[in-house]
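*Asks:* There's a structure below that I have some questions on.
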Amino acid sequence: MTSVSIRSRTSSLRFKICCSAKKETVDKVCNIVKEQLALPDGTAITAESKFAELGADSLDTVEIVMGLEEAFGITVDETSAQDIATVQDAANLIEKLVLEKAS
Amino acid sequence: MAAAAAAPTRAEALSLFRSLLRTAKQFSDYNIREYTRRRAADAFRENRALADAPAAAAAFAEGKKQLEVAKRQAVVYSLYAPKSKSVMELKVQ
């Protein structure tokens with residue numbers, strides 16, 4: 001009977017779309033973005049926040065991507081970096097690269 | 001002397017910025033690394049609104065020259081890397 005509880009945990013994970021990122025990744029990205037853009041503490045950043053809406057211009061975006069590269073130990077190539085528009089995009093790309101690196 | 005270069009496209013300018021930041025990462029010395037990053041960001045931000053093509057092209061060429069300088073210095077500094085880390089890099093206990 002105890003094995004049933006373990007099974008229910010894995011089934012809740014199955015509901016996640018395979019390309020969407022983990023919450024810790026999204027949170028880490030949010031923190032780095034907040035730090036880079038020097039946003040006041042009360043600012044709400046969610047996974048759907050667009051960098052442009054938060055007041056980042058293209059230079060800020062490059063710096064944010066660099067910060068993410070350093071924090072997660074990955075290398076983002078130019079073309080992928082251009083597609084990043086929201087926090088969710090960044091988190092998904094990070095997860096993908098971390099997986100590729102680990103394999 | 002050289003033919004008048006066209007103004008850099010947005011992608012080219014961002015690519016140069018990215019290269020400068022990547023080169024900055026290679027320095028093991030905290031001070032130089034931070035300076036390179038800061039100076040690159042400041043210079044790009046200062047020149048972001050350059051309207052006319054020759055001025056933008058000149059700034060881009062200057063940036064490329066500085067990138068070469070930074071790359072050379074990264075190699076040189078790596079030969080003489082300091083053994084101890086700067087106090088700014090120590091994690092807060």
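So you can find residues: chains in the structure tokens are A, B, ... in the order shown, residues in each start at 1, and ligands are numbered from 1 in order.
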Show me, as a count of residues only, the residues of chain B whose atoms get within 9 Å of chain A, using only C-alpha atoms for the distance check.
*Replies:* 11
*Asks:* Write out as JSON, numbers by chain the residues lying within 9 Å of Leu37 (chain A), counting only C-alpha atoms and excluding same-chain residues fewer than 2 positions away.
*Replies:* {"A": [32, 33, 34, 35, 39, 54, 55, 56, 60, 64]}
*Asks:* Between B:Leu67, B:Ala55, B:Leu90, B:Ala24, which is the closest to Thr36 (chain B) once you count only C-alpha atoms?
*Replies:*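 Of the candidates, the smallest distance to Thr36 (chain B) is held by B:Ala24.
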*Asks:* DSSP on the backbone, then: every residue of chain B marked alpha helix (DSSP H), written as a ChimeraX atom specification.
*Replies:* /B:10-25,30-46,53-79
*Asks:* Tell me which protein, DNA and RNA residues are within 9 Å of Ser49 (chain A), counting only C-alpha atoms, leaving out same-chain ones fewer than 6 positions away, and put them as an NGL selection string.
*Replies:* :A and (85-88)
*Asks:* Now that the selection is made, can you save its residues with C-alpha atoms as a CSV table (one decimal), in the first residue's frame?
*Replies:*
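File produced: out39.csv:
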chain,number,residue,atom,x,y,z
A,85,ALA,CA,11.6,37.2,-24.6
A,86,THR,CA,10.1,36.1,-21.3
A,87,VAL,CA,11.3,34.5,-18.1
A,88,GLN,CA,9.7,31.2,-19.1
*Asks:* Select, from A:Ala71, A:Ala52, A:Ala47, A:Ala38, the residue with the minimum atom-to-atom distance to Asn92 (chain A), counting only C-alpha atoms.
*Replies:*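 Answer, going by the shortest atom-to-atom distance: A:Ala47.
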*Asks:* In Å, with one decimal, what is the gap from CA of Asn47 (chain B) to CA of Leu20 (chain B)?
*Replies:*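 Those two atoms sit 15.4 Å apart.
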*Asks:* Neighbours of Leu93 (chain A) within 12 Å (only C-alpha atoms; same-chain residues fewer than 5 positions away dropped), as a PyMOL selection string?
*Replies:* chain A and resi 19-22+25-26+29+65+68-69+72+74-77+79-88+98-100
